[in-house]
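Participant: Questions regarding the structure given below will be posed in turn.
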Amino acid sequence: MNSWTRPDKVTYRRWRNPDFMGEVNFVDQSDEYQYTGNDICPAGSGRLDSQEGYSASKSRSDKTEETLRVDDVLDTIGFGKFQWKLSLLTGLAWIGDAMEMMILSILGPQLHCEWRLPSYQVALITSVVFIGTGITSPVWGKISDKYGRRVGLITSICWILFYGLLSAFAPVYGWLLVLRGLVGAGIGGCPQGMTLYSEFLPMKMRGTCIMMMSIFWSVGAIFVVFLALWTMPTLGWRWLLIFSIIPLAIFICFCKWLPESPRFDLLTGNTEKAMATLQLIAKENGKTMPEGKVITHKQKERGQIKDLLSPQYRRTTLLLWFIWFSIAFNYYGLVLLTTELYQSGDPCGATQGAKTEPSCNLECNYLTSDDYKDLLWTTLAEVPGVLVFLLIIDRVGRRKSIAACFFMFSLFILPLYACIGRVAVIIFIFTARAFITGGFQVVCVYTPEVFPTETRALAIGICSAISRVGSLLTPFIAQVILRKSLSLTLFLYCGCSLLAGVASLFLPIETSGRSLQESSLNQKA
């Protein structure tokens, strides 16, 4: 076998080989390796001459052998105890990420009153987190593509834990700004948890499982509101920041168990470790490993930005960048808009009250227990939003699901143009948030599915960075422009959402029912 040469381009399909003599053709595979037992051999595209075929067959037993992709192995092993444990562990990271993000909508109004901050400084507390996230997201993606998904995720969580704790002791506004920016730098690595998780899932359950993981985000968002309801009236915002890092601390305690993605190990040539991981999954799920050779693509250069802008991915990449920007812009905009509207009492008050404020020592109203309860109700909208799209994502498809989320979000934002009562505001915000949350999670499903293993982490990192640009801009819309013009604020959110809905329909690839690609060469085939 070692005499086989590695071709420039190779293809494969699943095939059975009882005893072949003569020429063999492989189709639909990239430049990949085969692994079975302790043997590693390249799979050629082109043709094997009869002598090579005969030698290969003679070195095997007479029983039928089968070539397998990682997807084939995971489909055979199925979803079981291992994936449940992985779900809980990566879910803790997702909860912590959500809490660090959602806390911004509570921290801003509190410091606006406690430290007598003008509106632009309140908005900057939120924006600096997104600046840090946007700068580091591609870096975490590059680290995860080069050193492993596990390394990138655990390092980023440790980073958030450290600086999140320090930010609770910030003595003045400047220190808080710096420390929250460093927290944002760590948050940029949290999406790699979804990259890692998706690479352990059977193909048929991938969309459903990733959507179910979104429940952890909703749990984090709800949990931080509960914490605020309990701590803010008595203990204050510093204790809220301390309590918000508890899920991340639990993650660090159990992260030693977290395995590296077998797809990444095979891509880097670490076949023994990859097969050991697959054996572990089979053992914990009570299944046996399928017999045959596991084929993978080995590549030295991974995580290249130029690959994302190659002709086969350029349109997908550019459209996804705009979609990620829009969904973060609208999602976090609605979150911040909610507390602003509650603080003012109604949409009209949000505009009228600010016009009489002096430029420095601003009058303000602290969020009350009733405000936190109403915030809790609108946050609970994330759960039905995820569940609805959990049911339709595989039936309708990813692209149409994303488009539907944007269009419905725009529809339920429109009534806020009118001076409606508080109950009506809660209902429309609840519904709009349900749709934008569902859309956010469908995008999180689609992105790792559409890009190959060699660039998947980088693609998610850059998309996350682009989304943070939208998150960076949205506080100045929801917390500054809102005080000048409610109509202009809502127009920006509705217009951006409608454009993103149209962009979703122009995505060239539908990934529903499609296996994860290991290399860009698979996509060409």
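Residues in the structure tokens are numbered from 1 in each chain, the chains being A, B, ... in the order shown, and ligands are numbered from 1 in the order shown.
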Can you tell me which residues surround Ile154 of chain A at a distance of at most 9 Å, considering only C-alpha atoms, apart from same-chain residues fewer than 6 positions away, and format the answer as an MDAnalysis selection string?

Facilitator: chainID A and resid 189:190 193 251:252 255

Participant: How would the residues just chosen look if you wrote them out with N, CA and C atoms as a PDB file, in the first residue's frame?

Facilitator:
```
ATOM      1  N   GLY A 189     -14.805  33.530  20.768  1.00  0.00           N
ATOM      2  CA  GLY A 189     -14.489  32.111  20.577  1.00  0.00           C
ATOM      3  C   GLY A 189     -15.615  31.170  20.904  1.00  0.00           C
ATOM      4  N   CYS A 190     -16.694  31.678  21.489  1.00  0.00           N
ATOM      5  CA  CYS A 190     -17.810  30.788  21.879  1.00  0.00           C
ATOM      6  C   CYS A 190     -18.480  30.074  20.699  1.00  0.00           C
ATOM      7  N   GLY A 193     -17.830  26.381  19.874  1.00  0.00           N
ATOM      8  CA  GLY A 193     -18.541  25.283  20.531  1.00  0.00           C
ATOM      9  C   GLY A 193     -19.560  24.647  19.602  1.00  0.00           C
ATOM     10  N   PHE A 251     -18.376  24.721  33.348  1.00  0.00           N
ATOM     11  CA  PHE A 251     -17.797  24.184  32.111  1.00  0.00           C
ATOM     12  C   PHE A 251     -16.317  23.867  32.286  1.00  0.00           C
ATOM     13  N   ILE A 252     -15.568  24.788  32.883  1.00  0.00           N
ATOM     14  CA  ILE A 252     -14.129  24.580  33.072  1.00  0.00           C
ATOM     15  C   ILE A 252     -13.870  23.362  33.955  1.00  0.00           C
ATOM     16  N   CYS A 255     -14.369  20.285  31.577  1.00  0.00           N
ATOM     17  CA  CYS A 255     -13.893  20.335  30.192  1.00  0.00           C
ATOM     18  C   CYS A 255     -12.814  19.294  29.892  1.00  0.00           C
TER      19      CYS A 255
END
```

Participant: For Ile392 of chain A, which residue among A:Gly438, A:Gly188, A:Pro259, A:Gly80 is the nearest when counting only C-alpha atoms?

Facilitator: A:Gly438

Participant: With only C-alpha atoms as the basis for distance, which of A:Leu411, A:Leu166, A:Pro475, A:Phe389 is at the shortest distance from Leu337 of chain A?

Facilitator: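 Closest to Leu337 of chain A, using only C-alpha atoms: A:Pro475.
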
Participant: For each of A:Val450, A:Leu336, A:Val225, A:Ala93, take the minimum atom-to-atom distance to Ile245 of chain A, counting only C-alpha atoms, then give the residue where this is smallest.

Facilitator: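 Distance minimum relative to Ile245 of chain A lands on A:Ala93.
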
Participant: Pull the strand (DSSP E or B) assignments for segment 138-307 of chain A out of DSSP run on the backbone, and list those residues as a list in words.

Facilitator: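 Residues meeting the strand (DSSP E or B) criterion: Lys293, Val294, Ile295, Thr296 and His297 of chain A.
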
Participant: From the set A:Tyr163, A:Tyr120, A:Trp115, A:Trp140, which residue has the shortest atom-to-atom contact distance to Leu482 of chain A, counting only C-alpha atoms?

Facilitator: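 For Leu482 of chain A, the nearest of the candidates is A:Tyr120.
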
Participant: Calculated over only C-alpha atoms, which of the candidates A:Met102, A:Cys494, A:Cys113, A:Ile402 has the smallest distance to Tyr332 of chain A?

Facilitator: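 Using only C-alpha atoms, the shortest distance to Tyr332 of chain A belongs to A:Met102.
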
Participant: Which residues come within 7 Å of Ile222 of chain A, counting only C-alpha atoms, excluding same-chain residues fewer than 4 positions away, as JSON, numbers by chain?

Facilitator: {"A": [218, 226, 376, 379, 380]}

Participant: For the residues in the current selection, export all heavy atoms as a PDB file, in the first residue's frame.

Facilitator:
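Full text of part.pdb as output:
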```pdb
ATOM      1  N   SER A 218     -31.370  30.258  25.094  1.00  0.00           N
ATOM      2  CA  SER A 218     -32.588  30.823  25.684  1.00  0.00           C
ATOM      3  C   SER A 218     -32.574  30.684  27.199  1.00  0.00           C
ATOM      4  O   SER A 218     -32.998  31.594  27.917  1.00  0.00           O
ATOM      5  CB  SER A 218     -33.819  30.118  25.099  1.00  0.00           C
ATOM      6  OG  SER A 218     -33.864  30.257  23.692  1.00  0.00           O
ATOM      7  N   PHE A 226     -33.759  36.418  35.527  1.00  0.00           N
ATOM      8  CA  PHE A 226     -34.102  35.967  36.878  1.00  0.00           C
ATOM      9  C   PHE A 226     -33.080  36.485  37.895  1.00  0.00           C
ATOM     10  O   PHE A 226     -33.438  36.948  38.981  1.00  0.00           O
ATOM     11  CB  PHE A 226     -34.148  34.437  36.937  1.00  0.00           C
ATOM     12  CG  PHE A 226     -35.507  33.863  36.662  1.00  0.00           C
ATOM     13  CD1 PHE A 226     -35.703  33.031  35.575  1.00  0.00           C
ATOM     14  CD2 PHE A 226     -36.592  34.148  37.488  1.00  0.00           C
ATOM     15  CE1 PHE A 226     -36.957  32.496  35.311  1.00  0.00           C
ATOM     16  CE2 PHE A 226     -37.845  33.620  37.239  1.00  0.00           C
ATOM     17  CZ  PHE A 226     -38.034  32.793  36.149  1.00  0.00           C
ATOM     18  N   LEU A 376     -38.713  39.544  31.337  1.00  0.00           N
ATOM     19  CA  LEU A 376     -38.696  38.082  31.397  1.00  0.00           C
ATOM     20  C   LEU A 376     -39.696  37.486  30.416  1.00  0.00           C
ATOM     21  O   LEU A 376     -39.397  36.500  29.722  1.00  0.00           O
ATOM     22  CB  LEU A 376     -39.006  37.622  32.827  1.00  0.00           C
ATOM     23  CG  LEU A 376     -39.073  36.118  33.068  1.00  0.00           C
ATOM     24  CD1 LEU A 376     -37.730  35.458  32.766  1.00  0.00           C
ATOM     25  CD2 LEU A 376     -39.482  35.829  34.513  1.00  0.00           C
ATOM     26  N   THR A 379     -38.330  37.727  26.970  1.00  0.00           N
ATOM     27  CA  THR A 379     -37.205  36.811  26.812  1.00  0.00           C
ATOM     28  C   THR A 379     -37.683  35.377  26.643  1.00  0.00           C
ATOM     29  O   THR A 379     -37.076  34.590  25.907  1.00  0.00           O
ATOM     30  CB  THR A 379     -36.258  36.911  28.032  1.00  0.00           C
ATOM     31  OG1 THR A 379     -35.870  38.271  28.211  1.00  0.00           O
ATOM     32  CG2 THR A 379     -35.008  36.063  27.819  1.00  0.00           C
ATOM     33  N   LEU A 380     -38.775  35.034  27.322  1.00  0.00           N
ATOM     34  CA  LEU A 380     -39.345  33.682  27.191  1.00  0.00           C
ATOM     35  C   LEU A 380     -39.786  33.395  25.761  1.00  0.00           C
ATOM     36  O   LEU A 380     -39.971  32.240  25.383  1.00  0.00           O
ATOM     37  CB  LEU A 380     -40.539  33.515  28.141  1.00  0.00           C
ATOM     38  CG  LEU A 380     -40.199  33.346  29.627  1.00  0.00           C
ATOM     39  CD1 LEU A 380     -41.464  33.429  30.476  1.00  0.00           C
ATOM     40  CD2 LEU A 380     -39.491  32.017  29.871  1.00  0.00           C
TER      41      LEU A 380
END
```

Participant: DSSP on the backbone: what in segment 184-303 of chain A comes out helix (DSSP H, G or I), as a PyMOL selection string?

Facilitator: chain A and resi 184-187+192-198+203-231+237-243+246-257+262-267+271-284

Participant: Restricted to C-alpha atoms, what would the selected residues look like written as an mmCIF file, in the first residue's frame?

Facilitator:
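Result file follows (again_22.cif):
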```cif
data_model
loop_
_atom_site.group_PDB
_atom_site.id
_atom_site.type_symbol
_atom_site.label_atom_id
_atom_site.label_comp_id
_atom_site.auth_asym_id
_atom_site.auth_seq_id
_atom_site.Cartn_x
_atom_site.Cartn_y
_atom_site.Cartn_z
ATOM 1 C CA GLY A 184 -16.023 40.517 24.377
ATOM 2 C CA ALA A 185 -12.675 39.348 23.030
ATOM 3 C CA GLY A 186 -13.267 36.002 24.721
ATOM 4 C CA ILE A 187 -16.883 35.764 23.602
ATOM 5 C CA GLN A 192 -16.502 27.338 18.079
ATOM 6 C CA GLY A 193 -18.541 25.283 20.531
ATOM 7 C CA MET A 194 -21.163 24.947 17.806
ATOM 8 C CA THR A 195 -18.466 23.966 15.297
ATOM 9 C CA LEU A 196 -17.244 21.231 17.636
ATOM 10 C CA TYR A 197 -20.752 20.024 18.442
ATOM 11 C CA SER A 198 -21.894 19.835 14.821
ATOM 12 C CA MET A 203 -26.316 13.649 9.496
ATOM 13 C CA LYS A 204 -30.062 13.043 9.837
ATOM 14 C CA MET A 205 -30.225 14.660 13.285
ATOM 15 C CA ARG A 206 -27.785 17.515 12.792
ATOM 16 C CA GLY A 207 -30.311 20.273 12.085
ATOM 17 C CA THR A 208 -32.619 19.167 14.900
ATOM 18 C CA CYS A 209 -29.792 18.818 17.418
ATOM 19 C CA ILE A 210 -28.226 22.195 16.700
ATOM 20 C CA MET A 211 -31.642 23.831 16.987
ATOM 21 C CA MET A 212 -32.166 22.034 20.300
ATOM 22 C CA MET A 213 -28.828 23.432 21.459
ATOM 23 C CA SER A 214 -30.370 26.856 20.972
ATOM 24 C CA ILE A 215 -32.518 26.120 24.002
ATOM 25 C CA PHE A 216 -29.367 26.576 26.088
ATOM 26 C CA TRP A 217 -28.986 30.107 24.721
ATOM 27 C CA SER A 218 -32.588 30.823 25.684
ATOM 28 C CA VAL A 219 -31.985 29.332 29.141
ATOM 29 C CA GLY A 220 -29.021 31.679 29.582
ATOM 30 C CA ALA A 221 -31.043 34.706 28.483
ATOM 31 C CA ILE A 222 -33.905 33.800 30.824
ATOM 32 C CA PHE A 223 -31.585 32.935 33.712
ATOM 33 C CA VAL A 224 -29.831 36.315 33.620
ATOM 34 C CA VAL A 225 -33.198 38.108 33.848
ATOM 35 C CA PHE A 226 -34.102 35.967 36.878
ATOM 36 C CA LEU A 227 -30.758 36.860 38.429
ATOM 37 C CA ALA A 228 -31.369 40.548 37.746
ATOM 38 C CA LEU A 229 -34.826 40.354 39.319
ATOM 39 C CA TRP A 230 -33.224 38.853 42.438
ATOM 40 C CA THR A 231 -29.921 40.729 42.710
ATOM 41 C CA TRP A 237 -24.973 45.021 39.338
ATOM 42 C CA ARG A 238 -21.553 43.857 40.561
ATOM 43 C CA TRP A 239 -22.996 40.692 42.070
ATOM 44 C CA LEU A 240 -24.996 40.175 38.887
ATOM 45 C CA LEU A 241 -21.724 40.111 36.922
ATOM 46 C CA ILE A 242 -20.214 37.626 39.383
ATOM 47 C CA PHE A 243 -23.191 35.257 39.278
ATOM 48 C CA ILE A 246 -21.197 30.454 37.151
ATOM 49 C CA PRO A 247 -22.072 28.364 34.026
ATOM 50 C CA LEU A 248 -18.621 29.045 32.586
ATOM 51 C CA ALA A 249 -16.962 27.976 35.837
ATOM 52 C CA ILE A 250 -18.898 24.687 35.723
ATOM 53 C CA PHE A 251 -17.797 24.184 32.111
ATOM 54 C CA ILE A 252 -14.129 24.580 33.072
ATOM 55 C CA CYS A 253 -14.543 21.998 35.855
ATOM 56 C CA PHE A 254 -15.727 19.340 33.380
ATOM 57 C CA CYS A 255 -13.893 20.335 30.192
ATOM 58 C CA LYS A 256 -11.198 17.667 30.675
ATOM 59 C CA TRP A 257 -13.693 15.110 29.315
ATOM 60 C CA PRO A 262 -12.514 13.338 14.914
ATOM 61 C CA ARG A 263 -13.014 15.242 11.663
ATOM 62 C CA PHE A 264 -10.307 17.703 12.680
ATOM 63 C CA ASP A 265 -7.963 14.899 13.778
ATOM 64 C CA LEU A 266 -8.393 13.074 10.480
ATOM 65 C CA LEU A 267 -7.858 16.296 8.557
ATOM 66 C CA THR A 271 -5.806 9.089 12.578
ATOM 67 C CA GLU A 272 -5.141 7.075 15.731
ATOM 68 C CA LYS A 273 -6.640 9.770 17.944
ATOM 69 C CA ALA A 274 -9.614 10.173 15.597
ATOM 70 C CA MET A 275 -10.357 6.454 15.592
ATOM 71 C CA ALA A 276 -9.987 6.336 19.379
ATOM 72 C CA THR A 277 -12.594 9.119 19.637
ATOM 73 C CA LEU A 278 -14.982 7.278 17.315
ATOM 74 C CA GLN A 279 -14.467 4.114 19.372
ATOM 75 C CA LEU A 280 -15.271 6.092 22.529
ATOM 76 C CA ILE A 281 -18.489 7.402 20.983
ATOM 77 C CA ALA A 282 -19.507 3.877 19.934
ATOM 78 C CA LYS A 283 -18.727 2.483 23.393
ATOM 79 C CA GLU A 284 -20.677 5.163 25.276
#
```

Participant: Out of A:Phe162, A:Phe435, A:Phe409, A:Phe428, which residue has the shortest atom-to-atom distance to Glu382 of chain A when counting only C-alpha atoms?

Facilitator: A:Phe435
